[in-house]
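Asker: Quick one: this structure, given as structure tokens, is what I'll be asking you about.
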Amino acid sequence: MIDAPIDILMYHSISNGPGPTCINPDLFRQQMQIMAECGYCGISLSELFVSLKSDQQFPAKPIVLTFDDAFLDFGDIVFPELNARGWNATLFVPAGKVGGTDDWDLKPGRSARSIMSWQAVAELSRQGIEIGAHGVNHLDLTTLPLNAVQHEVVESRRLIEERIGRPVVSFAAPFGRTNSAVREVISQHYQVAVGTELGRARPTSHVWNLPRIEMWYFCNLPRWRAYLLGGARGYFMIRQLLRKARSICLVP
């Protein structure tokens, strides 16, 4: 699928909340500005897939922008920033949580974050944002029996397509957690999917578990600029090693 390495960026909430799933709005805007200054263009995951499958021409320097969980701040902050640049992105929607909050991730000292309404999701789709599926209930699919995995994977697509009136071709597993059985189910219903493995998407990457770059690791703006210009590779490799070590420690 992929002929050369390409970066798929992963964001969640663009807000002042605590933790690595929140990026300050001003910082986000500066990250996008640096991308533009370095000659990059933001595209959606389906644009990447279609371009590669049909031999269509990429922008000179494409970067795939992905946002998990469909937080309200995407419409308020992200879309205006992308729209002003003529860029696109993929928004992964947990279909059963639309209009609610991220009740799957409540921790002491943190308030629930609001998820946009179906009306807002549909309007973003009409404006050209790709809407991808993110399960129904934002559950760890690797902990579920196969019939429940099928429900989360298939029903999320059906619910979104019913609301936006367009095909849903991309998927992001909640928490990035998959195994061979889960990926087999995903492959039967979607063209492409992403995970949370830290890395660049390459020709050898699994098309239903493409790696992404968590942008919390690039809150340092000079380092982000250096990375885009071909530097900061040592820092990136160290982060990859630490991420792998952490994932190994979390395996029961």
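We name chains A, B, ... following the order of the structure tokens; residues begin at 1 in each chain, and ligands are numbered from 1 as shown.
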Contacts of A:Gly109 at 10 Å or less, counting only C-alpha atoms, minus same-chain residues fewer than 3 places along, as a ChimeraX atom specification?
Answerer: /A:18,106,112
Asker: For the selection you just gave me, I'd like the residues written to a file as a tab-separated table (two decimals), in the first residue's frame, keeping C-alpha atoms.
Answerer:
chain	number	residue	atom	x	y	z
A	18	PRO	CA	-4.43	17.38	31.71
A	106	LEU	CA	-12.61	9.32	33.75
A	112	ALA	CA	-15.54	14.56	31.43
Asker: Which residues come within 10 Å of A:Asp73, counting only C-alpha atoms, excluding same-chain residues fewer than 4 positions away, as a PDB file with N, CA and C atoms, in the first residue's frame?
Answerer:
ATOM      1  N   HIS A  12      -6.128  13.820  20.028  1.00  0.00           N
ATOM      2  CA  HIS A  12      -7.409  13.542  20.672  1.00  0.00           C
ATOM      3  C   HIS A  12      -8.125  14.873  20.912  1.00  0.00           C
ATOM      4  N   SER A  13      -8.010  15.399  22.123  1.00  0.00           N
ATOM      5  CA  SER A  13      -8.670  16.662  22.448  1.00  0.00           C
ATOM      6  C   SER A  13      -7.704  17.837  22.275  1.00  0.00           C
ATOM      7  N   ILE A  14      -8.180  18.893  21.622  1.00  0.00           N
ATOM      8  CA  ILE A  14      -7.403  20.125  21.514  1.00  0.00           C
ATOM      9  C   ILE A  14      -7.968  21.072  22.559  1.00  0.00           C
ATOM     10  N   SER A  15      -7.398  20.976  23.746  1.00  0.00           N
ATOM     11  CA  SER A  15      -7.922  21.708  24.900  1.00  0.00           C
ATOM     12  C   SER A  15      -6.820  21.852  25.932  1.00  0.00           C
ATOM     13  N   PRO A  25      -4.693  24.491  22.579  1.00  0.00           N
ATOM     14  CA  PRO A  25      -5.093  25.026  21.273  1.00  0.00           C
ATOM     15  C   PRO A  25      -4.028  25.881  20.595  1.00  0.00           C
ATOM     16  N   ILE A  77     -12.144  24.332  17.145  1.00  0.00           N
ATOM     17  CA  ILE A  77     -10.745  24.752  17.001  1.00  0.00           C
ATOM     18  C   ILE A  77     -10.065  24.149  15.785  1.00  0.00           C
ATOM     19  N   VAL A  78     -10.206  22.830  15.620  1.00  0.00           N
ATOM     20  CA  VAL A  78      -9.449  22.144  14.568  1.00  0.00           C
ATOM     21  C   VAL A  78      -9.974  22.473  13.179  1.00  0.00           C
ATOM     22  N   PHE A  79     -11.278  22.311  12.988  1.00  0.00           N
ATOM     23  CA  PHE A  79     -11.811  22.500  11.641  1.00  0.00           C
ATOM     24  C   PHE A  79     -11.521  23.889  11.071  1.00  0.00           C
ATOM     25  N   ARG A 113     -15.041  15.093  29.130  1.00  0.00           N
ATOM     26  CA  ARG A 113     -14.954  15.932  27.939  1.00  0.00           C
ATOM     27  C   ARG A 113     -16.138  15.625  27.025  1.00  0.00           C
ATOM     28  N   SER A 114     -16.695  16.685  26.435  1.00  0.00           N
ATOM     29  CA  SER A 114     -17.895  16.540  25.620  1.00  0.00           C
ATOM     30  C   SER A 114     -17.573  16.040  24.217  1.00  0.00           C
ATOM     31  N   ILE A 115     -18.423  15.156  23.735  1.00  0.00           N
ATOM     32  CA  ILE A 115     -18.329  14.625  22.370  1.00  0.00           C
ATOM     33  C   ILE A 115     -19.408  15.300  21.527  1.00  0.00           C
ATOM     34  N   MET A 116     -19.064  15.634  20.301  1.00  0.00           N
ATOM     35  CA  MET A 116     -19.976  16.397  19.458  1.00  0.00           C
ATOM     36  C   MET A 116     -21.258  15.619  19.136  1.00  0.00           C
TER      37      MET A 116
END
Asker: With a distance cut-off of 7 Å and only C-alpha atoms, select the neighbouring residues of A:Val207, excluding the residue or stretch itself and same-chain residues fewer than 2 positions from it, and output the selection as a PyMOL selection string.
Answerer: chain A and resi 192-193+205+209-210
Asker: To test your reading of the structure, identify every residue in stretch 38-247 of chain A that backbone DSSP assigns to alpha helix (DSSP H), and report it as a PyMOL selection string.
Answerer: chain A and resi 45-54+72-73+79-85+118-126+146-164+180-187+221-228+233-247
Asker: With only C-alpha atoms as the counted atoms, please give the residues lying no more than 9 Å from A:Ile213, apart from itself and same-chain residues fewer than 3 positions off, as a PyMOL selection string.
Answerer: chain A and resi 7-11+196-200+216-217
Asker: Would you please work out which residue, of A:Asp76, A:Glu123, A:Glu162, A:Asp68, is nearest to A:Gly135 when using only C-alpha atoms?
Answerer: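 Residue with the minimum atom-to-atom distance to A:Gly135: A:Asp68.
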